[in-house]
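Structure first, commentary second.
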Amino acid sequence: MREIAVFSGGAHPELAADICAHLGVPLLPTRISRFANDCLEVQLQANCRERDVFLIQPIVAPTQENLVELLFMIDAARGASAGRITVVLPHFAYARSDKKDAPRISIGARLVADLLVSAGAHRVLAMTLHSPQVHGFFSVPVDHLHALRELATHFKGEDLSETVVVSPDLGNAKEAAAFARMLGTPVAAGAKQRFHDQVRISAVIGDVTDRDVIVLDDEIAKGSTVIELVDHLHQLKARSIRLVCTHGLFADDALDRLAALEGVREIVCTNTVPIPVEKRVPQLTVLSIAPALAEAMRRIHNGESVSALFA
């Protein structure tokens, strides 16, 4: 069997180190430098020849910088005669650009998928893509993980008899329903509409009155949708609110604004993206997704089923 080799870009080396600790393999060094004309140069500083190479890099802000780093890492591994190159995408920012919903715009997710494959990726391991159709944009195999089990485990042992899981919109309702089944709770959903850059939730479908609410979304960036939903939940007399997501992007002062909302007891996310210590608030709980990614990588390396993780 090919020997495994794991490298990380500069986007989230802490997560990569955590994954390697669970895998029991070293995180191999990567040198990223910049020329005087601002061009990047990437060197993988360990042998790749005929090895099973995993490149860990969430595409997060600065998004274009981290994407180009990843493309150069893939090209470097291909040029070094890697046996197989698997791109590990804990977060794929361009997954939101998944349709042509206005004239003369690009479908960024498809283009970036093509770029990764053209650079030399043989396989992709992704975590909670924004929409399931993004999986189909790749012309190489994709193992699409989700963090519902890790998020649900956080609430196990609690009395959830008066709890309801709420999806901010109908598009995420399927994931919310699966999460609710794990917790043994009912599910509800917001009816969301977007007007230009403004989000409006006209109603909440389901019973939330006098209940403890767990709001589940795939990611929280500016927090506009969640803030709008929380306002509706207050109007419907929800007893308490906890906000849960896989990708805690929390752009600008989103975390502070969410923490300041009345009735919000806790904000839970995973560490798919780095959250600076100075941005964290007392209500924030960050769960590690490294064990799940490490197990998926181990199964890919050994030729075992990844889908069995969700059985």
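Going by the structure tokens order, chains are called A, B, ..., each with residues numbered from 1, while ligands are numbered from 1 in the order shown.
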Worksheet item: What are the DSSP strand (DSSP E or B) residues of range 2-233 of chain A, as number ranges by chain?
Response: A: 4-8, 27-28, 30-34, 40-44, 49, 52-56, 59, 82, 84-89, 92, 123-127, 142-145, 163-167, 187-195, 198-205, 212-220
Discussion item. For Gln235 in chain A, find every residue with an atom within 12 Å (counting only C-alpha atoms), except residues of its own chain fewer than 5 positions away, and show them as JSON, numbers by chain.
Written reply: {"A": [203, 204, 208, 209, 210, 228, 229, 230, 262, 263]}
Residues just named, written with N, CA and C atoms as a short mmCIF file (atom, residue, chain, number, x, y, z; two decimals), in the first residue's frame:
```cif
data_model
loop_
_atom_site.label_atom_id
_atom_site.label_comp_id
_atom_site.auth_asym_id
_atom_site.auth_seq_id
_atom_site.Cartn_x
_atom_site.Cartn_y
_atom_site.Cartn_z
N ALA A 203 -42.60 33.76 8.02
CA ALA A 203 -43.30 32.90 8.97
C ALA A 203 -42.37 31.79 9.42
N VAL A 204 -42.74 31.15 10.52
CA VAL A 204 -42.05 29.94 10.98
C VAL A 204 -43.07 28.81 10.92
N VAL A 208 -43.20 26.45 17.91
CA VAL A 208 -42.03 26.82 18.72
C VAL A 208 -42.43 27.51 20.01
N THR A 209 -43.70 27.74 20.22
CA THR A 209 -44.17 28.46 21.41
C THR A 209 -43.86 27.68 22.68
N ASP A 210 -43.24 28.37 23.64
CA ASP A 210 -42.86 27.79 24.93
C ASP A 210 -41.92 26.59 24.79
N GLU A 228 -32.83 37.71 11.86
CA GLU A 228 -34.23 37.84 11.45
C GLU A 228 -35.07 36.71 12.03
N LEU A 229 -34.53 35.50 12.02
CA LEU A 229 -35.25 34.34 12.56
C LEU A 229 -35.45 34.47 14.06
N VAL A 230 -34.42 34.89 14.77
CA VAL A 230 -34.52 35.03 16.22
C VAL A 230 -35.61 36.02 16.59
N GLU A 262 -31.27 38.81 22.54
CA GLU A 262 -31.99 38.37 23.72
C GLU A 262 -32.38 36.89 23.60
N GLY A 263 -32.14 36.14 24.65
CA GLY A 263 -32.56 34.74 24.70
C GLY A 263 -31.61 33.75 24.09
#
```
Fill in: Every residue of range 43-280 of chain A that DSSP places in helix (DSSP H, G or I), as JSON, numbers by chain
{"A": [63, 64, 65, 66, 67, 68, 69, 70, 71, 72, 73, 74, 75, 76, 77, 78, 79, 93, 94, 95, 96, 108, 109, 110, 111, 112, 113, 114, 115, 116, 117, 118, 119, 132, 133, 134, 135, 136, 137, 148, 149, 150, 151, 152, 153, 154, 155, 170, 171, 172, 173, 174, 175, 176, 177, 178, 179, 180, 181, 182, 183, 224, 225, 226, 227, 228, 229, 230, 231, 232, 233, 234, 235, 254, 255, 256, 257, 258, 259, 277, 278, 279]}
Met182 in chain A surroundings by only C-alpha atoms, 10 Å radius, close-in-sequence under 4 positions cut, as a PDB file with C-alpha atoms, in the first residue's frame:
```
ATOM      1  CA  LEU A 148     -24.529  16.449  12.264  1.00  0.00           C
ATOM      2  CA  ARG A 149     -23.299  13.598  14.452  1.00  0.00           C
ATOM      3  CA  LEU A 151     -23.187  18.590  16.651  1.00  0.00           C
ATOM      4  CA  ALA A 152     -25.842  16.203  17.984  1.00  0.00           C
ATOM      5  CA  THR A 153     -23.389  14.626  20.436  1.00  0.00           C
ATOM      6  CA  LYS A 156     -26.786  14.315  24.177  1.00  0.00           C
ATOM      7  CA  ALA A 176     -32.570  19.995  10.085  1.00  0.00           C
ATOM      8  CA  ALA A 177     -34.970  17.035   9.941  1.00  0.00           C
ATOM      9  CA  ALA A 178     -32.048  14.579  10.054  1.00  0.00           C
TER      10      ALA A 178
END
```
Determine, using only C-alpha atoms, which residues of range 125-188 of chain A have any atom at most 8 Å from an atom of range 89-105 of chain A, and tabulate each with its shortest atom pair and distance in Å to one decimal place, rows ordered by chain and then rising number, as a tab-separated table.
```
residue	atom	partner	partner_atom	distance
A:Leu125	CA	A:Leu89	CA	6.0
A:Ala126	CA	A:Leu89	CA	4.7
A:Met127	CA	A:Pro90	CA	5.0
A:Thr128	CA	A:His91	CA	7.5
A:Leu129	CA	A:Ala95	CA	6.2
A:His130	CA	A:Ala95	CA	5.5
A:Ser131	CA	A:Ala95	CA	7.0
A:Gln133	CA	A:Asp98	CA	7.6
A:Val134	CA	A:Ala95	CA	6.3
```
Discussion item. Taking 5 positions as the minimum chain separation for residues in the same chain, which residues sit within 12 Å of Pro62 in chain A when counting only C-alpha atoms? Answer as a PyMOL selection string.
Written reply: chain A and resi 10-12+67-69+93+249+251+273-274
Item to complete: Find the residues around Val199 in chain A up to 12 Å (only C-alpha atoms counted), leave out those fewer than 3 positions away in its own chain, and share them as a PyMOL selection string.
Response: chain A and resi 168-169+190-196+202+222-229
Resulting file, chosen residues, C-alpha atoms, as a PDB file, in the first residue's frame:
```pdb
ATOM      1  CA  PRO A 168     -33.710  29.114   8.968  1.00  0.00           C
ATOM      2  CA  ASP A 169     -35.132  28.249   5.523  1.00  0.00           C
ATOM      3  CA  GLY A 190     -38.516  29.494   8.521  1.00  0.00           C
ATOM      4  CA  ALA A 191     -40.061  30.726   5.269  1.00  0.00           C
ATOM      5  CA  LYS A 192     -37.247  32.920   3.942  1.00  0.00           C
ATOM      6  CA  GLN A 193     -37.200  35.340   1.039  1.00  0.00           C
ATOM      7  CA  ARG A 194     -34.273  37.413  -0.180  1.00  0.00           C
ATOM      8  CA  PHE A 195     -34.823  40.881  -1.645  1.00  0.00           C
ATOM      9  CA  HIS A 196     -31.550  42.093  -3.171  1.00  0.00           C
ATOM     10  CA  SER A 202     -42.353  35.810   6.692  1.00  0.00           C
ATOM     11  CA  LYS A 222     -22.989  37.935   8.524  1.00  0.00           C
ATOM     12  CA  GLY A 223     -25.760  36.441  10.635  1.00  0.00           C
ATOM     13  CA  SER A 224     -28.563  38.414   8.931  1.00  0.00           C
ATOM     14  CA  THR A 225     -30.818  35.389   8.428  1.00  0.00           C
ATOM     15  CA  VAL A 226     -30.336  34.147  11.973  1.00  0.00           C
ATOM     16  CA  ILE A 227     -31.016  37.582  13.468  1.00  0.00           C
ATOM     17  CA  GLU A 228     -34.226  37.844  11.448  1.00  0.00           C
ATOM     18  CA  LEU A 229     -35.255  34.344  12.559  1.00  0.00           C
TER      19      LEU A 229
END
```
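Minimum distance to Leu160 in chain A across A:Ser305, A:Thr185, A:Thr285, A:Thr272 (counting only C-alpha atoms) occurs at A:Thr185.
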Fill in: Nearest candidate to Asn271 in chain A (options A:Ala238, A:Val213, A:Val87, A:Ala147; using only C-alpha atoms)
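Nearest to Asn271 in chain A: A:Ala147.
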Worksheet item: Which distance in Å separates CA of Ala80 in chain A and CA of Ala46 in chain A, to one decimal?
Response: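 Spanning CA of Ala80 in chain A to CA of Ala46 in chain A is a straight-line distance of 9.8 Å.
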Worksheet entry | Gap from CA of Leu233 in chain A to CA of Val286 in chain A - Å, one decimal |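 So the two atoms, CA of Leu233 in chain A and CA of Val286 in chain A, lie 24.1 Å apart.
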Worksheet entry | Pick from A:Ala36, A:Val264, A:Ile59, A:Ile85 nearest to Ile4 in chain A, counting only C-alpha atoms |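 Of all the options, A:Ile85 lies closest to Ile4 in chain A.
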Worksheet item: If you count only C-alpha atoms, which residues fall within 9 Å of Glu50 in chain A, apart from same-chain ones fewer than 6 positions away, as a ChimeraX atom specification?
Response: /A:2-3,80-84
Discussion item. If we count only C-alpha atoms and set the cut-off at 9 Å, which residues sit around Cys245 in chain A, ignoring sequence neighbours fewer than 2 positions away in its own chain? Please answer as number ranges by chain.
Written reply: A: 147, 151, 215-220, 243, 247-248, 267-270
